[in-house]
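Structure file model02.tsv (TSV, C-alpha atoms) follows.
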```
chain	number	residue	atom	x	y	z
U	1	GLN	CA	-13.60	307.54	11.96
U	2	VAL	CA	-16.22	307.75	14.69
U	3	GLN	CA	-18.50	310.76	14.74
U	4	LEU	CA	-20.66	311.73	17.69
U	5	ALA	CA	-23.46	314.28	17.59
U	6	GLU	CA	-25.28	315.38	20.73
U	7	SER	CA	-28.77	316.84	20.72
U	8	GLY	CA	-31.58	317.58	23.14
U	9	GLY	CA	-30.05	320.38	25.17
U	10	GLY	CA	-31.92	323.56	25.93
U	11	LEU	CA	-33.33	325.90	28.53
U	12	VAL	CA	-35.33	324.33	31.37
U	13	GLN	CA	-36.71	325.45	34.70
U	14	ALA	CA	-35.32	323.95	37.89
U	15	GLY	CA	-37.12	320.73	38.71
U	16	GLY	CA	-37.69	319.94	35.05
U	17	SER	CA	-36.33	317.21	32.82
U	18	LEU	CA	-34.40	316.85	29.59
U	19	ARG	CA	-33.29	313.88	27.55
U	20	LEU	CA	-30.03	314.19	25.71
U	21	SER	CA	-29.21	312.01	22.72
U	22	CYS	CA	-25.89	311.18	21.11
U	23	ALA	CA	-25.91	309.79	17.59
U	24	PHE	CA	-22.93	307.54	16.81
U	25	SER	CA	-21.64	306.85	13.30
U	26	GLY	CA	-18.58	305.62	11.49
U	27	ARG	CA	-17.92	302.29	13.22
U	28	SER	CA	-19.79	299.62	15.11
U	29	PHE	CA	-21.51	301.26	18.06
U	30	SER	CA	-21.61	298.06	20.09
U	31	ASN	CA	-17.79	297.95	20.10
U	32	TYR	CA	-17.63	301.04	22.29
U	33	ALA	CA	-18.29	301.90	25.90
U	34	MET	CA	-19.91	305.31	26.12
U	35	GLY	CA	-19.85	308.16	28.57
U	36	TRP	CA	-21.37	311.54	29.30
U	37	PHE	CA	-19.30	314.40	30.63
U	38	ARG	CA	-20.13	318.03	31.29
U	39	GLN	CA	-18.34	321.33	31.55
U	40	ALA	CA	-19.85	324.14	33.57
U	41	PRO	CA	-18.79	327.75	33.02
U	42	GLY	CA	-15.35	328.33	34.47
U	43	ALA	CA	-14.93	324.71	35.49
U	44	GLU	CA	-13.09	321.64	34.29
U	45	ARG	CA	-14.95	319.06	32.28
U	46	ALA	CA	-16.33	316.44	34.65
U	47	TYR	CA	-17.60	312.88	34.48
U	48	VAL	CA	-21.37	312.37	34.60
U	49	ALA	CA	-22.18	308.77	33.68
U	50	ALA	CA	-21.05	305.84	31.57
U	51	ILE	CA	-22.37	302.60	30.15
U	52	ASN	CA	-20.76	299.42	28.93
U	53	TRP	CA	-20.95	298.20	25.34
U	54	SER	CA	-24.09	296.11	25.83
U	55	GLY	CA	-25.98	298.54	28.03
U	56	ASP	CA	-26.41	296.17	30.95
U	57	THR	CA	-23.99	297.98	33.26
U	58	THR	CA	-24.13	301.67	34.11
U	59	TYR	CA	-22.00	303.96	36.23
U	60	TYR	CA	-22.66	307.39	37.69
U	61	ALA	CA	-20.88	310.22	39.40
U	62	ASP	CA	-22.18	310.35	42.96
U	63	SER	CA	-24.01	313.65	42.51
U	64	MET	CA	-26.00	312.29	39.54
U	65	LYS	CA	-27.21	309.06	41.10
U	66	GLY	CA	-30.98	308.93	41.31
U	67	ARG	CA	-31.50	311.94	39.03
U	68	PHE	CA	-29.78	310.95	35.78
U	69	THR	CA	-30.15	307.75	33.78
U	70	ILE	CA	-27.81	306.69	31.01
U	71	SER	CA	-28.95	304.20	28.41
U	72	ARG	CA	-28.18	303.12	24.88
U	73	ASP	CA	-29.94	301.58	21.92
U	74	ASN	CA	-27.42	299.60	19.90
U	75	ALA	CA	-29.95	299.04	17.11
U	76	LYS	CA	-30.28	302.81	16.69
U	77	ASN	CA	-26.61	303.64	17.36
U	78	THR	CA	-27.73	306.12	19.97
U	79	LEU	CA	-26.76	306.98	23.52
U	80	TYR	CA	-29.13	308.75	25.88
U	81	LEU	CA	-29.01	310.70	29.11
U	82	GLN	CA	-32.32	311.22	30.89
U	83	MET	CA	-31.96	314.08	33.36
U	84	ASN	CA	-34.64	314.65	35.98
U	85	SER	CA	-34.99	317.08	38.90
U	86	LEU	CA	-32.61	319.46	37.20
U	87	GLU	CA	-30.90	322.11	39.27
U	88	PRO	CA	-29.16	325.35	38.26
U	89	GLY	CA	-25.90	323.61	39.15
U	90	ASP	CA	-26.51	321.22	36.25
U	91	THR	CA	-26.02	324.07	33.79
U	92	ALA	CA	-23.18	323.02	31.50
U	93	VAL	CA	-22.20	321.87	28.06
U	94	TYR	CA	-22.78	318.12	27.92
U	95	TYR	CA	-20.52	315.91	25.86
U	96	CYS	CA	-20.79	312.29	24.85
U	97	ALA	CA	-17.66	310.22	24.33
U	98	ALA	CA	-16.75	306.78	23.04
U	99	GLN	CA	-14.11	304.40	24.40
U	100	TRP	CA	-13.01	301.26	22.55
U	101	ALA	CA	-14.38	298.25	24.38
U	102	GLY	CA	-12.45	295.52	22.57
U	103	VAL	CA	-10.20	295.03	25.57
U	104	PRO	CA	-10.58	293.23	28.90
U	105	GLU	CA	-13.18	294.88	31.12
U	106	SER	CA	-10.46	295.74	33.63
U	107	ALA	CA	-8.82	297.93	30.98
U	108	ILE	CA	-11.88	300.12	30.52
U	109	PHE	CA	-11.88	303.18	32.76
U	110	TYR	CA	-15.36	304.56	32.51
U	111	ASP	CA	-14.83	307.76	34.49
U	112	SER	CA	-11.50	308.74	32.97
U	113	GLN	CA	-11.69	311.34	30.23
U	114	SER	CA	-8.25	310.50	28.93
U	115	ARG	CA	-9.36	306.95	28.09
U	116	TYR	CA	-12.07	308.05	25.69
U	117	ASP	CA	-11.15	307.98	22.02
U	118	PHE	CA	-13.81	310.14	20.42
U	119	TRP	CA	-15.85	313.14	21.54
U	120	GLY	CA	-18.87	315.02	20.34
U	121	GLN	CA	-19.12	318.80	20.05
U	122	GLY	CA	-21.42	319.15	23.03
U	123	THR	CA	-24.93	320.40	23.70
U	124	GLN	CA	-25.78	323.26	26.04
U	125	VAL	CA	-28.08	322.67	29.01
U	126	THR	CA	-29.20	325.72	30.96
U	127	VAL	CA	-31.30	325.34	34.12
U	128	PHE	CA	-32.91	328.47	35.56
U	129	SER	CA	-34.58	328.92	38.93
```
Let me see whether you can do it: turn the structure in this file into structure tokens.
Amino acid sequence: QVQLAESGGGLVQAGGSLRLSCAFSGRSFSNYAMGWFRQAPGAERAYVAAINWSGDTTYYADSMKGRFTISRDNAKNTLYLQMNSLEPGDTAVYYCAAQWAGVPESAIFYDSQSRYDFWGQGTQVTVFS
């Protein structure tokens, strides 16, 4: 069974940066596409970014482009989310998720929560002005 554990959240002033990490265990990390999602208070969980199994292709929600960078280190079984120029609107619980990538690329839906097989417990990010 896959286990995901996020870390790196915290309290940061607007304009600051944080790097989130997601430790993957239980199966072969490189067999999974990975994504970050977030849930703000009173809101639905929303897509942030995703990355393919090898790390050479990344995808972002429009509002994150240019501020957030997703990456992975398959040797360390770890997913990352570098967040820069943080805004109070980025305050949320951030979740990492894993989607089985042993299918044709066309069958992987990177921004669809329902297609992800495993989820972490989340890490809180709070941005104050």
Notebook entry, point to check: Near range 50-60 of chain U, within 6 Å and counting only C-alpha atoms, which residues show up once chain neighbours fewer than 4 positions away are dropped, as a ChimeraX atom specification?
Noted result: /U:30,32-35,65,72,110
Grab the residues selected above and save them as a CSV table (one decimal), in the frame of the given file with C-alpha atoms.
```csv
chain,number,residue,atom,x,y,z
U,30,SER,CA,-21.6,298.1,20.1
U,32,TYR,CA,-17.6,301.0,22.3
U,33,ALA,CA,-18.3,301.9,25.9
U,34,MET,CA,-19.9,305.3,26.1
U,35,GLY,CA,-19.8,308.2,28.6
U,65,LYS,CA,-27.2,309.1,41.1
U,72,ARG,CA,-28.2,303.1,24.9
U,110,TYR,CA,-15.4,304.6,32.5
```
Give me, as JSON lines, each residue of range 25-88 of chain U that comes within 9 Å of range 3-8 of chain U, together with its shortest interatomic pair and the distance in Å at one decimal, counting all atoms listed in the file, with rows ordered by chain and rising residue number.
```
{"residue": "U:Ser25", "atom": "CA", "partner": "U:Gln3", "partner_atom": "CA", "distance": 5.2}
{"residue": "U:Gly26", "atom": "CA", "partner": "U:Gln3", "partner_atom": "CA", "distance": 6.1}
{"residue": "U:Arg27", "atom": "CA", "partner": "U:Gln3", "partner_atom": "CA", "distance": 8.6}
{"residue": "U:Leu79", "atom": "CA", "partner": "U:Glu6", "partner_atom": "CA", "distance": 9.0}
```
Notebook entry, point to check: Restricting the calculation to all atoms listed in the file, which member of U:Ala40, U:Phe29, U:Tyr47, U:Ala61 is positioned closest to Ser114 in chain U?
Noted result: U:Tyr47
Notebook entry, point to check: Between U:Glu44, U:Asn31, U:Asn77, U:Phe24, which one has atoms that come closest to Trp100 in chain U, using all atoms listed in the file?
Noted result: U:Asn31
Residues near Gly9 in chain U, anyone? I mean within 10 Å using only C-alpha atoms, not counting same-chain ones fewer than 3 positions away, as a PDB file with C-alpha atoms, in the coordinates of the input.
```pdb
ATOM      1  CA  GLU U   6     -25.280 315.380  20.730  1.00  0.00           C
ATOM      2  CA  VAL U  12     -35.330 324.330  31.370  1.00  0.00           C
ATOM      3  CA  LEU U  18     -34.400 316.850  29.590  1.00  0.00           C
ATOM      4  CA  ARG U  19     -33.290 313.880  27.550  1.00  0.00           C
ATOM      5  CA  LEU U  20     -30.030 314.190  25.710  1.00  0.00           C
ATOM      6  CA  SER U  21     -29.210 312.010  22.720  1.00  0.00           C
ATOM      7  CA  ALA U  92     -23.180 323.020  31.500  1.00  0.00           C
ATOM      8  CA  VAL U  93     -22.200 321.870  28.060  1.00  0.00           C
ATOM      9  CA  TYR U  94     -22.780 318.120  27.920  1.00  0.00           C
ATOM     10  CA  GLY U 122     -21.420 319.150  23.030  1.00  0.00           C
ATOM     11  CA  THR U 123     -24.930 320.400  23.700  1.00  0.00           C
ATOM     12  CA  GLN U 124     -25.780 323.260  26.040  1.00  0.00           C
ATOM     13  CA  VAL U 125     -28.080 322.670  29.010  1.00  0.00           C
ATOM     14  CA  THR U 126     -29.200 325.720  30.960  1.00  0.00           C
TER      15      THR U 126
END
```
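Here the question is which of U:Ile108, U:Val103, U:Ala14, U:Val48 gets nearest to Asn84 in chain U using all atoms listed in the file, and that residue is U:Ala14.
As for CA of Asp62 in chain U and CA of Ala97 in chain U, they are spaced 19.2 Å apart.
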Grab all the atoms of range 109-116 of chain U that the file lists, wrap them in a box along x, y and z, add 5 Å per side, and give me centre plus edge lengths in Å (one decimal) as AutoDock Vina command-line options.
```
--center_x -11.8 --center_y 307.3 --center_z 30.1 --size_x 17.1 --size_y 18.2 --size_z 18.8
```
Check: CA of Gln113 in chain U and CA of Met83 in chain U, how far apart in Å?
Finding: 20.7 Å
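Between CA of Cys22 in chain U and CA of Ala43 in chain U the separation is 22.6 Å.
Distances from U:Met64, U:Leu81, U:Leu86, U:Ala49 to Ala23 in chain U were compared using all atoms listed in the file, and the smallest one belongs to U:Leu81.
Among the candidates U:Ser106, U:Thr91, U:Gln39, U:Thr78, the residue lying nearest to Leu11 in chain U is U:Thr91 (atoms considered: only C-alpha atoms).
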Note to self: Between U:Gly16, U:Tyr116, U:Ser28, U:Trp36, which residue has the minimum interatomic distance to Ala75 in chain U, considering all atoms listed in the file?
What the structure shows: U:Ser28
Could you rebuild range 99-123 of chain U with N, CA, C and O atoms and give me the result as a CSV table (one decimal), in the frame of the given file?
```csv
chain,number,residue,atom,x,y,z
U,99,GLN,N,-15.4,305.1,24.0
U,99,GLN,CA,-14.1,304.4,24.4
U,99,GLN,C,-14.2,303.0,23.8
U,99,GLN,O,-15.1,302.2,24.1
U,100,TRP,N,-13.1,302.6,23.1
U,100,TRP,CA,-13.0,301.3,22.6
U,100,TRP,C,-13.2,300.2,23.6
U,100,TRP,O,-12.5,300.2,24.7
U,101,ALA,N,-14.1,299.3,23.4
U,101,ALA,CA,-14.4,298.2,24.4
U,101,ALA,C,-13.8,296.9,24.0
U,101,ALA,O,-14.2,295.9,24.6
U,102,GLY,N,-13.0,296.8,23.0
U,102,GLY,CA,-12.4,295.5,22.6
U,102,GLY,C,-11.2,295.1,23.4
U,102,GLY,O,-10.3,294.6,22.8
U,103,VAL,N,-11.3,295.3,24.6
U,103,VAL,CA,-10.2,295.0,25.6
U,103,VAL,C,-10.8,294.4,26.8
U,103,VAL,O,-12.0,294.4,27.0
U,104,PRO,N,-10.0,293.8,27.7
U,104,PRO,CA,-10.6,293.2,28.9
U,104,PRO,C,-11.3,294.3,29.7
U,104,PRO,O,-10.9,295.5,29.7
U,105,GLU,N,-12.4,293.9,30.4
U,105,GLU,CA,-13.2,294.9,31.1
U,105,GLU,C,-12.3,295.7,32.1
U,105,GLU,O,-12.6,296.9,32.3
U,106,SER,N,-11.3,295.1,32.6
U,106,SER,CA,-10.5,295.7,33.6
U,106,SER,C,-9.7,296.9,33.0
U,106,SER,O,-9.1,297.7,33.7
U,107,ALA,N,-9.6,296.9,31.7
U,107,ALA,CA,-8.8,297.9,31.0
U,107,ALA,C,-9.7,299.1,30.5
U,107,ALA,O,-9.2,300.0,29.9
U,108,ILE,N,-11.0,299.0,30.9
U,108,ILE,CA,-11.9,300.1,30.5
U,108,ILE,C,-12.1,301.0,31.8
U,108,ILE,O,-12.5,300.5,32.8
U,109,PHE,N,-11.8,302.2,31.6
U,109,PHE,CA,-11.9,303.2,32.8
U,109,PHE,C,-13.0,304.2,32.4
U,109,PHE,O,-12.8,305.1,31.7
U,110,TYR,N,-14.2,303.9,32.9
U,110,TYR,CA,-15.4,304.6,32.5
U,110,TYR,C,-15.4,306.0,32.9
U,110,TYR,O,-16.0,306.8,32.2
U,111,ASP,N,-14.8,306.4,34.0
U,111,ASP,CA,-14.8,307.8,34.5
U,111,ASP,C,-13.6,308.6,34.1
U,111,ASP,O,-13.5,309.7,34.6
U,112,SER,N,-12.7,308.0,33.3
U,112,SER,CA,-11.5,308.7,33.0
U,112,SER,C,-11.6,309.3,31.6
U,112,SER,O,-11.6,308.6,30.6
U,113,GLN,N,-11.6,310.7,31.5
U,113,GLN,CA,-11.7,311.3,30.2
U,113,GLN,C,-10.6,310.9,29.3
U,113,GLN,O,-10.8,310.8,28.1
U,114,SER,N,-9.4,310.8,29.8
U,114,SER,CA,-8.2,310.5,28.9
U,114,SER,C,-8.4,309.1,28.2
U,114,SER,O,-7.6,308.9,27.2
U,115,ARG,N,-9.2,308.3,28.7
U,115,ARG,CA,-9.4,307.0,28.1
U,115,ARG,C,-10.4,306.9,26.9
U,115,ARG,O,-10.5,305.9,26.3
U,116,TYR,N,-11.1,308.0,26.8
U,116,TYR,CA,-12.1,308.0,25.7
U,116,TYR,C,-11.4,308.5,24.4
U,116,TYR,O,-10.6,309.4,24.4
U,117,ASP,N,-11.8,307.8,23.3
U,117,ASP,CA,-11.2,308.0,22.0
U,117,ASP,C,-11.8,309.1,21.2
U,117,ASP,O,-11.1,309.7,20.3
U,118,PHE,N,-13.1,309.2,21.3
U,118,PHE,CA,-13.8,310.1,20.4
U,118,PHE,C,-14.8,311.0,21.3
U,118,PHE,O,-15.4,310.4,22.2
U,119,TRP,N,-15.0,312.2,20.8
U,119,TRP,CA,-15.8,313.1,21.5
U,119,TRP,C,-16.8,313.9,20.6
U,119,TRP,O,-16.4,314.1,19.4
U,120,GLY,N,-18.0,314.2,21.1
U,120,GLY,CA,-18.9,315.0,20.3
U,120,GLY,C,-18.6,316.5,20.6
U,120,GLY,O,-17.6,316.8,21.4
U,121,GLN,N,-19.3,317.3,19.9
U,121,GLN,CA,-19.1,318.8,20.0
U,121,GLN,C,-19.8,319.4,21.3
U,121,GLN,O,-19.5,320.5,21.6
U,122,GLY,N,-20.7,318.7,21.8
U,122,GLY,CA,-21.4,319.2,23.0
U,122,GLY,C,-22.8,319.8,22.8
U,122,GLY,O,-23.0,320.3,21.7
U,123,THR,N,-23.6,319.8,23.8
U,123,THR,CA,-24.9,320.4,23.7
U,123,THR,C,-25.1,321.2,25.0
U,123,THR,O,-24.8,320.7,26.1
```
